[in-house]
file target00.txt (compact mmCIF, C-alpha atoms and all ligand atoms)
# COMPACT_ATOMS: atom_id res chain seq x y z
CA MET W 1 5.93 22.54 13.25
CA GLU W 2 4.50 24.72 16.03
CA SER W 3 2.45 27.58 14.54
CA GLN W 4 3.76 27.06 11.02
CA GLU W 5 1.52 28.20 8.20
CA PHE W 6 1.37 26.63 4.77
CA ASP W 7 -0.63 27.16 1.60
CA LEU W 8 -0.46 23.49 0.75
CA VAL W 9 0.21 20.51 3.01
CA LEU W 10 0.78 16.96 1.78
CA LEU W 11 -0.01 14.40 4.48
CA GLY W 12 1.75 11.09 3.84
CA GLY W 13 4.48 10.30 1.35
CA GLY W 14 2.43 7.72 -0.51
CA HIS W 15 2.69 6.60 -4.12
CA ALA W 16 0.45 9.40 -5.48
CA HIS W 17 2.24 12.13 -3.56
CA CYS W 18 5.51 11.03 -5.18
CA ALA W 19 3.98 12.12 -8.49
CA VAL W 20 2.91 15.42 -6.93
CA LEU W 21 6.47 16.08 -5.72
CA ALA W 22 7.77 15.18 -9.17
CA ASP W 23 5.37 17.67 -10.73
CA TRP W 24 6.57 20.40 -8.37
CA ILE W 25 10.22 19.66 -9.13
CA ARG W 26 9.62 19.69 -12.89
CA HIS W 27 7.18 22.59 -13.16
CA GLY W 28 7.68 24.64 -10.01
CA LEU W 29 5.65 24.98 -6.83
CA PRO W 30 2.00 25.91 -7.30
CA ALA W 31 1.97 27.74 -3.96
CA GLU W 32 4.43 29.79 -1.95
CA ARG W 33 4.69 27.66 1.19
CA ALA W 34 4.20 23.91 1.07
CA ALA W 35 5.09 20.99 3.34
CA LEU W 36 5.19 17.20 3.35
CA VAL W 37 4.32 15.51 6.67
CA THR W 38 5.28 11.83 6.71
CA PRO W 39 6.86 9.57 9.35
CA SER W 40 9.81 8.29 7.33
CA PRO W 41 12.29 9.87 4.91
CA TYR W 42 11.56 6.97 2.54
CA LEU W 43 8.55 5.37 0.89
CA ARG W 44 8.95 1.62 0.55
CA TYR W 45 7.65 0.69 -2.94
CA SER W 46 5.25 -2.16 -2.28
CA GLY W 47 5.78 -3.80 -5.69
CA MET W 48 9.36 -4.66 -4.71
CA VAL W 49 8.67 -5.85 -1.16
CA PRO W 50 8.10 -9.52 -2.03
CA GLY W 51 11.38 -9.39 -4.01
CA TRP W 52 13.13 -7.91 -0.98
CA ILE W 53 11.79 -10.65 1.30
CA ALA W 54 12.84 -13.29 -1.23
CA GLY W 55 16.37 -11.85 -1.31
CA LYS W 56 16.16 -10.47 -4.86
CA TYR W 57 16.61 -6.86 -3.78
CA ALA W 58 18.77 -5.25 -1.09
CA GLU W 59 17.14 -3.13 1.61
CA GLU W 60 18.03 0.20 0.03
CA GLU W 61 16.61 -0.83 -3.34
CA GLY W 62 12.92 -0.25 -3.93
CA ARG W 63 12.41 2.87 -1.91
CA VAL W 64 11.77 6.49 -2.81
CA ASP W 65 13.80 9.19 -1.05
CA LEU W 66 10.95 11.48 0.01
CA LYS W 67 13.14 13.84 2.01
CA SER W 68 15.40 14.57 -0.97
CA LEU W 69 12.41 14.99 -3.27
CA ALA W 70 10.91 17.49 -0.82
CA ALA W 71 14.22 19.37 -0.70
CA ARG W 72 14.42 19.47 -4.49
CA ALA W 73 10.83 20.71 -4.68
CA GLY W 74 11.72 23.45 -2.20
CA ILE W 75 9.17 22.49 0.43
CA THR W 76 9.37 21.85 4.18
CA PHE W 77 9.87 18.19 5.14
CA ILE W 78 8.30 17.28 8.48
CA GLU W 79 9.21 13.77 9.64
CA ASP W 80 6.13 13.04 11.69
CA ARG W 81 2.84 11.18 11.72
CA CYS W 82 -0.45 13.05 11.41
CA ILE W 83 -2.98 12.09 14.08
CA ALA W 84 -5.79 14.57 13.49
CA ILE W 85 -7.03 17.18 11.11
CA ASP W 86 -9.46 20.00 11.86
CA PRO W 87 -11.06 20.53 8.48
CA GLU W 88 -12.98 23.65 9.53
CA ALA W 89 -10.06 25.43 11.21
CA ARG W 90 -7.71 24.00 8.50
CA LEU W 91 -5.25 22.64 11.05
CA VAL W 92 -3.20 19.44 11.00
CA THR W 93 -1.94 17.87 14.21
CA ALA W 94 1.10 15.58 14.16
CA ILE W 95 2.40 13.40 17.00
CA GLY W 96 5.62 15.17 17.91
CA SER W 97 5.54 18.50 16.18
CA GLY W 98 2.29 20.21 17.08
CA THR W 99 0.01 21.82 14.55
CA ALA W 100 0.28 23.45 11.15
CA SER W 101 -2.32 25.45 9.29
CA PHE W 102 -3.09 25.08 5.60
CA THR W 103 -5.19 26.54 2.83
CA HIS W 104 -5.34 23.26 0.90
CA CYS W 105 -4.37 19.80 2.09
CA SER W 106 -3.94 16.45 0.35
CA ILE W 107 -3.95 13.12 2.18
CA ASP W 108 -2.08 10.03 0.87
CA THR W 109 -1.34 8.15 4.09
CA GLY W 110 -2.31 4.67 2.85
CA GLY W 111 -4.25 2.00 4.70
CA VAL W 112 -3.58 0.49 8.11
CA GLY W 113 -3.25 -3.14 9.18
CA ARG W 114 -6.39 -5.01 10.24
CA SER W 115 -4.89 -8.13 11.78
CA ALA W 116 -5.21 -7.08 15.42
CA ALA W 117 -8.87 -6.11 14.97
CA VAL W 118 -9.79 -9.23 12.98
CA LEU W 119 -7.43 -11.89 14.35
CA GLY W 120 -6.43 -10.78 17.84
CA ASP W 121 -2.94 -10.53 19.27
CA ASP W 122 -1.27 -13.90 18.73
CA PRO W 123 2.45 -13.05 19.05
CA ARG W 124 3.22 -14.94 15.83
CA LEU W 125 1.03 -12.56 13.80
CA ILE W 126 2.81 -10.16 11.46
CA ASP W 127 0.66 -7.62 9.64
CA VAL W 128 1.61 -6.59 6.11
CA ARG W 129 1.04 -2.98 7.12
CA PRO W 130 3.05 -0.95 7.76
CA ILE W 131 5.19 -2.46 5.02
CA ASP W 132 8.49 -1.47 6.62
CA GLY W 133 7.46 -3.26 9.82
CA LEU W 134 6.61 -6.39 7.85
CA ALA W 135 9.92 -6.53 6.06
CA ASP W 136 11.89 -5.77 9.23
CA ARG W 137 10.22 -8.59 11.14
CA LEU W 138 10.56 -11.10 8.33
CA ARG W 139 14.19 -10.31 7.71
CA GLY W 140 14.96 -10.00 11.41
CA ASP W 141 13.38 -12.48 13.81
CA GLY W 142 11.27 -14.30 11.22
CA GLY W 143 13.11 -17.59 11.81
CA SER W 144 13.04 -20.38 9.25
CA GLY W 145 10.19 -22.59 10.47
CA PRO W 146 6.79 -23.17 8.87
CA ALA W 147 4.83 -20.08 7.88
CA ALA W 148 1.18 -19.42 7.23
CA VAL W 149 -0.12 -16.54 5.17
CA ILE W 150 -3.70 -15.43 5.75
CA GLY W 151 -5.35 -13.68 2.81
CA GLY W 152 -5.97 -14.91 -0.72
CA GLY W 153 -5.55 -11.60 -2.55
CA ALA W 154 -2.57 -10.63 -4.69
CA GLY W 155 -0.56 -9.45 -1.65
CA GLY W 156 -1.08 -12.75 0.21
CA VAL W 157 -0.20 -14.82 -2.86
CA GLU W 158 3.02 -12.90 -3.55
CA LEU W 159 4.05 -13.11 0.10
CA ALA W 160 3.45 -16.87 0.15
CA PHE W 161 5.78 -17.28 -2.83
CA ALA W 162 8.33 -14.88 -1.32
CA LEU W 163 8.40 -16.73 2.03
CA ARG W 164 8.79 -20.06 0.25
CA ASN W 165 11.86 -18.70 -1.54
CA GLN W 166 13.63 -16.79 1.23
CA PRO W 167 17.35 -17.38 0.69
CA GLU W 168 17.99 -18.25 4.33
CA ALA W 169 15.00 -20.58 4.74
CA LYS W 170 13.21 -22.83 2.28
CA ARG W 171 10.30 -23.00 4.68
CA ASP W 172 6.97 -24.80 4.50
CA VAL W 173 4.27 -22.31 3.58
CA THR W 174 0.50 -22.59 3.75
CA LEU W 175 -1.79 -20.01 2.19
CA ILE W 176 -5.14 -19.67 3.94
CA THR W 177 -7.30 -17.68 1.58
CA GLY W 178 -10.53 -17.17 3.53
CA LYS W 179 -13.86 -18.54 2.37
CA ALA W 180 -13.83 -16.25 -0.69
CA GLY W 181 -11.01 -18.42 -2.06
CA LEU W 182 -7.90 -17.68 -4.06
CA LEU W 183 -7.76 -14.31 -5.87
CA PRO W 184 -11.52 -13.78 -5.74
CA THR W 185 -11.41 -10.61 -7.85
CA PHE W 186 -9.37 -12.24 -10.63
CA ALA W 187 -10.77 -14.09 -13.66
CA ARG W 188 -10.80 -17.90 -13.71
CA GLY W 189 -7.82 -18.36 -16.07
CA PRO W 190 -5.35 -16.33 -13.99
CA ARG W 191 -6.66 -17.95 -10.82
CA GLU W 192 -6.02 -21.45 -12.18
CA LEU W 193 -2.52 -20.55 -13.33
CA VAL W 194 -1.68 -19.18 -9.88
CA ARG W 195 -3.12 -22.29 -8.25
CA ARG W 196 -0.87 -24.49 -10.39
CA ALA W 197 2.17 -22.37 -9.56
CA LEU W 198 1.38 -22.69 -5.84
CA ASP W 199 1.03 -26.47 -6.22
CA ALA W 200 4.30 -26.67 -8.12
CA GLN W 201 6.10 -25.01 -5.22
CA ASN W 202 4.30 -27.20 -2.63
CA ILE W 203 2.50 -24.25 -1.11
CA ALA W 204 -0.69 -25.71 0.37
CA THR W 205 -3.84 -23.63 0.02
CA ILE W 206 -6.81 -23.82 2.35
CA GLU W 207 -10.02 -22.05 1.43
CA ALA W 208 -11.37 -21.31 4.88
CA ASP W 209 -11.61 -18.45 7.33
CA VAL W 210 -9.37 -18.06 10.34
CA VAL W 211 -10.83 -17.28 13.71
CA GLY W 212 -8.79 -15.11 16.04
CA GLY W 213 -8.67 -14.74 19.78
CA ASP W 214 -5.95 -16.04 22.06
CA THR W 215 -4.92 -18.67 19.54
CA LEU W 216 -5.46 -18.59 15.81
CA GLN W 217 -7.52 -21.44 14.37
CA ILE W 218 -8.99 -22.40 11.04
CA SER W 219 -12.76 -22.17 11.21
CA ARG W 220 -13.93 -25.71 12.01
CA ASP W 221 -17.42 -24.97 10.66
CA ASP W 222 -16.05 -25.01 7.19
CA PRO W 223 -16.63 -28.37 5.49
CA GLN W 224 -13.56 -27.92 3.26
CA THR W 225 -11.24 -27.64 6.22
CA SER W 226 -8.81 -30.49 6.59
CA PRO W 227 -8.38 -31.89 10.12
CA ASP W 228 -4.75 -30.69 10.25
CA ASP W 229 -4.42 -27.08 11.23
CA PRO W 230 -1.18 -25.57 9.85
CA LEU W 231 -1.66 -22.67 12.24
CA GLU W 232 -0.77 -24.95 15.13
CA THR W 233 2.74 -25.50 13.81
CA ALA W 234 3.34 -22.16 12.10
CA GLU W 235 6.26 -20.19 13.48
CA ILE W 236 5.05 -16.99 11.85
CA VAL W 237 1.62 -16.03 10.56
CA VAL W 238 1.54 -13.21 8.04
CA ALA W 239 -1.80 -11.43 7.73
CA ALA W 240 -2.50 -9.93 4.30
CA LEU W 241 -6.10 -8.93 4.88
CA GLY W 242 -6.21 -5.83 2.69
CA SER W 243 -6.17 -2.21 3.73
CA GLY W 244 -8.07 -0.96 6.74
CA ALA W 245 -8.92 2.70 7.25
CA PRO W 246 -7.14 4.77 9.90
CA ASP W 247 -9.47 6.15 12.60
CA TRP W 248 -8.33 9.77 12.57
CA PRO W 249 -9.97 11.00 9.31
CA GLY W 250 -13.47 9.98 10.43
CA GLU W 251 -12.85 11.16 13.98
CA SER W 252 -11.70 14.49 12.54
CA GLY W 253 -15.09 15.10 10.91
CA LEU W 254 -14.22 14.32 7.29
CA ASP W 255 -16.87 12.40 5.34
CA VAL W 256 -15.90 8.71 5.30
CA ASP W 257 -17.48 5.67 3.65
CA GLY W 258 -18.94 2.72 5.56
CA ASP W 259 -15.46 1.30 6.17
CA GLY W 260 -13.93 4.58 7.37
CA PHE W 261 -12.06 5.57 4.17
CA ILE W 262 -12.15 9.27 3.22
CA ALA W 263 -15.04 9.85 0.80
CA VAL W 264 -13.85 11.76 -2.28
CA ASP W 265 -15.44 12.92 -5.52
CA LYS W 266 -14.15 12.35 -9.05
CA PHE W 267 -11.49 15.06 -8.53
CA GLN W 268 -10.19 13.31 -5.35
CA ARG W 269 -11.76 16.12 -3.28
CA SER W 270 -13.31 15.35 0.10
CA THR W 271 -17.08 15.24 -0.31
CA SER W 272 -17.45 17.22 2.92
CA HIS W 273 -14.55 19.69 2.64
CA SER W 274 -13.58 20.78 -0.86
CA HIS W 275 -10.23 22.27 0.24
CA ILE W 276 -9.06 18.76 1.28
CA PHE W 277 -8.07 16.06 -1.19
CA ALA W 278 -7.39 12.37 -0.56
CA VAL W 279 -5.95 9.65 -2.78
CA GLY W 280 -4.73 6.05 -2.72
CA ASP W 281 -5.72 3.43 -0.16
CA VAL W 282 -6.93 6.00 2.41
CA ALA W 283 -9.52 7.36 -0.03
CA SER W 284 -12.79 6.01 -1.36
CA ARG W 285 -14.12 7.36 -4.65
CA GLN W 286 -17.86 7.95 -4.41
CA ASP W 287 -18.55 8.37 -8.14
CA ARG W 288 -17.07 5.00 -9.18
CA HIS W 289 -15.31 1.99 -7.73
CA VAL W 290 -11.52 2.34 -7.68
CA PRO W 291 -9.93 -0.66 -5.91
CA HIS W 292 -7.26 -0.06 -3.29
CA SER W 293 -4.02 -0.96 -5.02
CA GLY W 294 -0.65 0.58 -5.69
CA VAL W 295 -1.33 0.69 -9.43
CA HIS W 296 -4.27 3.04 -8.94
CA SER W 297 -2.46 5.16 -6.39
CA VAL W 298 0.45 5.60 -8.81
CA HIS W 299 -1.80 6.47 -11.75
CA ALA W 300 -3.97 8.88 -9.77
CA GLY W 301 -0.85 10.87 -8.79
CA PRO W 302 -0.46 13.06 -11.91
CA VAL W 303 -4.20 13.78 -11.92
CA LEU W 304 -4.03 14.89 -8.29
CA ALA W 305 -0.98 17.04 -9.07
CA ALA W 306 -2.89 18.83 -11.84
CA ASN W 307 -5.90 19.42 -9.58
CA LEU W 308 -3.76 20.72 -6.70
CA ARG W 309 -2.07 23.13 -9.11
CA ARG W 310 -5.43 24.43 -10.28
CA VAL W 311 -6.97 24.93 -6.84
CA SER W 312 -3.79 26.61 -5.62
CA GLY W 313 -4.26 29.09 -8.46
CA GLY W 314 -7.88 29.73 -7.44
CA LYS W 315 -9.36 27.54 -10.19
CA GLU W 316 -11.68 24.55 -10.04
CA PRO W 317 -10.14 21.07 -10.47
CA VAL W 318 -10.88 19.53 -13.87
CA ARG W 319 -9.05 16.20 -14.10
CA SER W 320 -10.39 12.87 -12.96
CA TYR W 321 -8.60 9.53 -12.74
CA ALA W 322 -10.41 6.75 -14.56
CA PRO W 323 -8.95 3.26 -14.25
CA ARG W 324 -8.75 1.24 -17.44
CA PRO W 325 -11.30 -1.60 -17.75
CA ALA W 326 -8.51 -4.03 -16.86
CA SER W 327 -5.10 -3.49 -15.29
CA LEU W 328 -1.92 -5.46 -15.85
CA TYR W 329 -1.01 -7.26 -12.63
CA ILE W 330 2.25 -9.13 -12.37
CA LEU W 331 2.56 -11.59 -9.52
CA SER W 332 6.05 -12.74 -8.76
CA THR W 333 6.38 -16.43 -7.96
CA ALA W 334 9.81 -15.62 -6.46
CA ASN W 335 11.61 -18.42 -8.30
CA GLY W 336 12.83 -16.30 -11.19
CA ARG W 337 9.42 -16.42 -12.83
CA ALA W 338 6.21 -14.38 -12.60
CA ILE W 339 2.60 -14.50 -13.72
CA ALA W 340 1.17 -11.65 -15.79
CA THR W 341 -2.60 -11.21 -15.73
CA TYR W 342 -4.75 -8.87 -17.77
CA GLY W 343 -8.47 -9.52 -17.37
CA PRO W 344 -9.03 -13.18 -18.31
CA ILE W 345 -5.57 -13.57 -19.88
CA ALA W 346 -2.62 -14.95 -17.93
CA THR W 347 0.85 -16.22 -18.68
CA GLU W 348 3.74 -17.42 -16.53
CA ALA W 349 7.36 -17.11 -17.64
CA GLU W 350 10.85 -15.94 -16.79
CA TRP W 351 10.48 -12.98 -19.12
CA VAL W 352 7.45 -11.83 -17.11
CA SER W 353 9.67 -11.65 -14.04
CA ASP W 354 12.23 -9.66 -16.06
CA LEU W 355 9.47 -7.34 -17.25
CA LYS W 356 8.27 -6.79 -13.68
CA SER W 357 11.81 -5.99 -12.52
CA TRP W 358 12.21 -3.55 -15.39
CA ILE W 359 8.91 -1.77 -14.67
CA ASP W 360 9.58 -1.59 -10.92
CA LYS W 361 13.18 -0.43 -11.25
CA ARG W 362 12.23 2.14 -13.88
CA TRP W 363 9.65 3.63 -11.50
CA ILE W 364 12.16 3.84 -8.66
CA ALA W 365 14.90 5.21 -10.97
CA SER W 366 12.65 8.01 -12.21
CA TYR W 367 12.39 9.33 -8.63
CA ALA W 368 16.04 8.66 -7.80
CA LYS W 369 16.98 10.83 -10.76
CA LEU W 370 14.67 13.64 -9.64
CA ALA W 371 15.94 13.44 -6.05
CA ARG W 372 19.58 13.97 -7.07
CA PRO W 373 20.88 17.51 -6.67
CA VAL W 374 21.50 19.19 -10.06
C1 LIG O 401 3.35 -7.00 0.39
C2 LIG O 401 2.53 -6.13 -0.49
C3 LIG O 401 2.75 -6.14 -1.86
C4 LIG O 401 1.98 -5.35 -2.70
N1 LIG O 401 2.24 -5.39 -4.06
C5 LIG O 401 1.49 -4.62 -4.87
C6 LIG O 401 1.72 -4.64 -6.28
O1 LIG O 401 2.59 -5.36 -6.78
N2 LIG O 401 0.94 -3.86 -7.07
C7 LIG O 401 -0.03 -3.04 -6.54
O2 LIG O 401 -0.72 -2.35 -7.29
N3 LIG O 401 -0.28 -3.00 -5.21
C8 LIG O 401 0.45 -3.75 -4.37
N4 LIG O 401 0.21 -3.71 -3.02
C9 LIG O 401 -0.79 -2.76 -2.50
C10 LIG O 401 -0.11 -1.42 -2.30
O3 LIG O 401 0.90 -1.54 -1.34
C11 LIG O 401 -1.02 -0.32 -1.78
O4 LIG O 401 -2.23 -0.34 -2.48
C12 LIG O 401 -0.32 1.02 -1.99
O5 LIG O 401 0.86 1.06 -1.21
C13 LIG O 401 -1.20 2.18 -1.62
O6 LIG O 401 -0.48 3.34 -1.85
P1 LIG O 401 -0.81 4.65 -1.04
O7 LIG O 401 -0.13 5.75 -1.76
O8 LIG O 401 -2.27 4.77 -0.83
O9 LIG O 401 -0.21 4.45 0.41
P2 LIG O 401 1.18 3.90 0.92
O10 LIG O 401 2.02 3.37 -0.16
O11 LIG O 401 0.82 2.99 2.06
O12 LIG O 401 1.90 5.20 1.49
C14 LIG O 401 1.44 5.86 2.64
C15 LIG O 401 2.48 6.86 3.10
O13 LIG O 401 1.94 7.64 4.14
C16 LIG O 401 2.77 7.57 5.30
N5 LIG O 401 1.87 7.64 6.46
C17 LIG O 401 1.15 6.66 7.02
N6 LIG O 401 0.42 7.11 8.05
C18 LIG O 401 0.68 8.43 8.13
C19 LIG O 401 0.21 9.48 8.98
N7 LIG O 401 -0.66 9.25 9.96
N8 LIG O 401 0.68 10.75 8.80
C20 LIG O 401 1.56 11.01 7.80
N9 LIG O 401 2.02 10.05 6.96
C21 LIG O 401 1.58 8.79 7.11
C22 LIG O 401 3.53 6.28 5.16
O14 LIG O 401 4.73 6.29 5.89
C23 LIG O 401 3.74 6.24 3.65
O15 LIG O 401 4.83 7.05 3.29
C24 LIG O 401 0.96 -4.52 -2.16
C25 LIG O 401 0.76 -4.48 -0.78
C26 LIG O 401 1.52 -5.29 0.04
C27 LIG O 401 1.27 -5.25 1.53

call {"tool": "encode", "arguments": {"input": "target00.txt", "output": "structure tokens"}}
result
Amino acid sequence: MESQEFDLVLLGGGHAHCAVLADWIRHGLPAERAALVTPSPYLRYSGMVPGWIAGKYAEEEGRVDLKSLAARAGITFIEDRCIAIDPEARLVTAIGSGTASFTHCSIDTGGVGRSAAVLGDDPRLIDVRPIDGLADRLRGDGGSGPAAVIGGGAGGVELAFALRNQPEAKRDVTLITGKAGLLPTFARGPRELVRRALDAQNIATIEADVVGGDTLQISRDDPQTSPDDPLETAEIVVAALGSGAPDWPGESGLDVDGDGFIAVDKFQRSTSHSHIFAVGDVASRQDRHVPHSGVHSVHAGPVLAANLRRVSGGKEPVRSYAPRPASLYILSTANGRAIATYGPIATEAEWVSDLKSWIDKRWIASYAKLARPV
């Protein structure tokens, strides 16, 4: 993309930018020249990844064809990874293709893995991010021996169930949640139901931290720790530690929060550079807490699309994404059932799994339909 000039550049084909592309296909481009810079022609939809690992979905299911969407929207698709942005000069630098200038830019590049920084470089470690790398390693050289999952959030829980139910390996799985325990941000009822489902599938849970270094170990200071350390026997150790921030936004001079995520206002605009927007896991709303999760990235997409359309037309952004007081989370237990949680309410059933499949497939199908040539 040497010396290319754009009015609007989308960095990262994340969940929110899918909605922006959809808006451009349906309602026309808000600017003359626009581009999407992202390292893969596809976005892997995270909600269907545990199902893919558990053999429920084939590889080509559960992904959005970004390249075709870009073509249908009439914008330039640049298959590359952004490594820097100069917010003053309005320049983006990508690994292989040089620089591009922009009038407005929107960043939806997601979070990065934290396992190396937190847990060291044990060769058995597999980070959940990037998601494609996780799935490739699990479906490739993942073996069939015992597995440990580190991280007691929704991602860790779903991965523990998925690994337990891989078609090629009914492996022993241990979930090590950290001292914060199982699903610390969930209400007690849902937490208990998930605990029972883990017990029913013989997935052991250990509420302790893991210390990294040359060899992974469960923190021996913790009084709850049993003398047996499942990490000693684990063939693979999947780290689901939550999103980390990439270094390049902060290094590029954008305002970031204490953890390095791009600080944005209620319109998803950078608090330091109002011609730059950020959304999803890479962003951090300064006016209110919006957790990093796919649900929020998806729902913020149409709001971002409306704001990008306005600023491209020389107007101020007006829309702001406000999460509902509680969100519906559906955790697949990978045995044909799933657990739905909404605030303190939770239920586990086969129909919940069917509902999750329907919601996920409908989301993917909406983009597949848009990506098809007319
Ligand atoms: C196993 C697993 C299961 C999950 N299940 C759920 C779930 O059921 N529900 C839920 O709400 N959340 C779930 N999550 C969390 C969810 O994945 C993230 O919150 C969500 O993907 C964030 O979306 P995003 O748009 O911010 O970024 P992403 O979906 O991560 O998309 C980022 C995009 O940017 C691209 N990119 C990355 N770096 C660069 C760069 N430097 N330059 C250009 N492009 C770049 C990537 O290739 C990708 O296309 C799960 C996470 C995991 C790991």

call {"tool": "residues_near_point", "arguments": {"input": "target00.txt", "point": "(7.0, 11.5, 5.6)", "cutoff": "10 Å", "atoms": "only C-alpha atoms", "output": "number ranges by chain"}}
result
W: 10-14, 35-43, 65-67, 70, 77-82, 109

call {"tool": "closest_residue", "arguments": {"input": "target00.txt", "among": "W:Glu192, W:Asp229, W:Glu158, W:Glu88", "to": "Val210 of chain W", "atoms": "all atoms listed in the file"}}
result
W:Asp229

call {"tool": "atom_distance", "arguments": {"input": "target00.txt", "atom1": "atom CA of Gly244 of chain W", "atom2": "atom CA of Val9 of chain W"}}
result
23.3 Å

call {"tool": "residues_around", "arguments": {"input": "target00.txt", "residues": "Lys266 of chain W", "least_positions_apart": "3", "cutoff": "9 Å", "atoms": "all atoms listed in the file", "output": "number ranges by chain"}}
result
W: 269, 285-288, 319-322

call {"tool": "residues_near_ligand", "arguments": {"input": "target00.txt", "ligand": "ligand LIG 401 (chain O)", "cutoff": "8 Å", "atoms": "only C-alpha atoms and all ligand atoms", "output": "ChimeraX atom specification"}}
result
/W:11-17,37-40,42-50,80-83,94,108-112,128-131,154-156,158-159,240,242-243,246,279-283,292-298,329-331

call {"tool": "atom_distance", "arguments": {"input": "target00.txt", "atom1": "atom CA of Ser270 of chain W", "atom2": "atom CA of Arg33 of chain W"}}
result
21.8 Å

call {"tool": "residues_around", "arguments": {"input": "target00.txt", "residues": "Ala326 of chain W", "least_positions_apart": "3", "cutoff": "12 Å", "atoms": "all atoms listed in the file", "output": "ChimeraX atom specification"}}
result
/W:185-187,290-291,295-296,322-323,329,341-345

call {"tool": "atom_distance", "arguments": {"input": "target00.txt", "atom1": "atom CA of Ile126 of chain W", "atom2": "atom CA of Phe161 of chain W"}}
result
16.2 Å

call {"tool": "residues_around", "arguments": {"input": "target00.txt", "residues": "Glu59 of chain W", "least_positions_apart": "4", "cutoff": "10 Å", "atoms": "all atoms listed in the file", "output": "VMD selection string"}}
result
chain W and resid 44 49 52 to 53 55 63 135 to 136 139

call {"tool": "write_last_selection", "arguments": {"input": "target00.txt", "atoms": "C-alpha atoms", "output": "tab-separated table (two decimals), keeping the file's coordinate frame"}}
result
chain	number	residue	atom	x	y	z
W	44	ARG	CA	8.95	1.62	0.55
W	49	VAL	CA	8.67	-5.85	-1.16
W	52	TRP	CA	13.13	-7.91	-0.98
W	53	ILE	CA	11.79	-10.65	1.30
W	55	GLY	CA	16.37	-11.85	-1.31
W	63	ARG	CA	12.41	2.87	-1.91
W	135	ALA	CA	9.92	-6.53	6.06
W	136	ASP	CA	11.89	-5.77	9.23
W	139	ARG	CA	14.19	-10.31	7.71

call {"tool": "residues_around", "arguments": {"input": "target00.txt", "residues": "Val149 of chain W", "least_positions_apart": "3", "cutoff": "8 Å", "atoms": "all atoms listed in the file", "output": "list in words"}}
result
Gly156, Leu159, Ala160, Val173, Thr174, Leu175, Ile176, Val237, Val238, Ala239 and Ala240 of chain W

call {"tool": "closest_residue", "arguments": {"input": "target00.txt", "among": "W:Val311, W:Ala365, W:Val318, W:Ala71", "to": "Phe267 of chain W", "atoms": "only C-alpha atoms"}}
result
W:Val318

call {"tool": "closest_residue", "arguments": {"input": "target00.txt", "among": "W:Ser284, W:Thr215, W:Ser327, W:Ser312", "to": "Ile107 of chain W", "atoms": "all atoms listed in the file"}}
result
W:Ser284
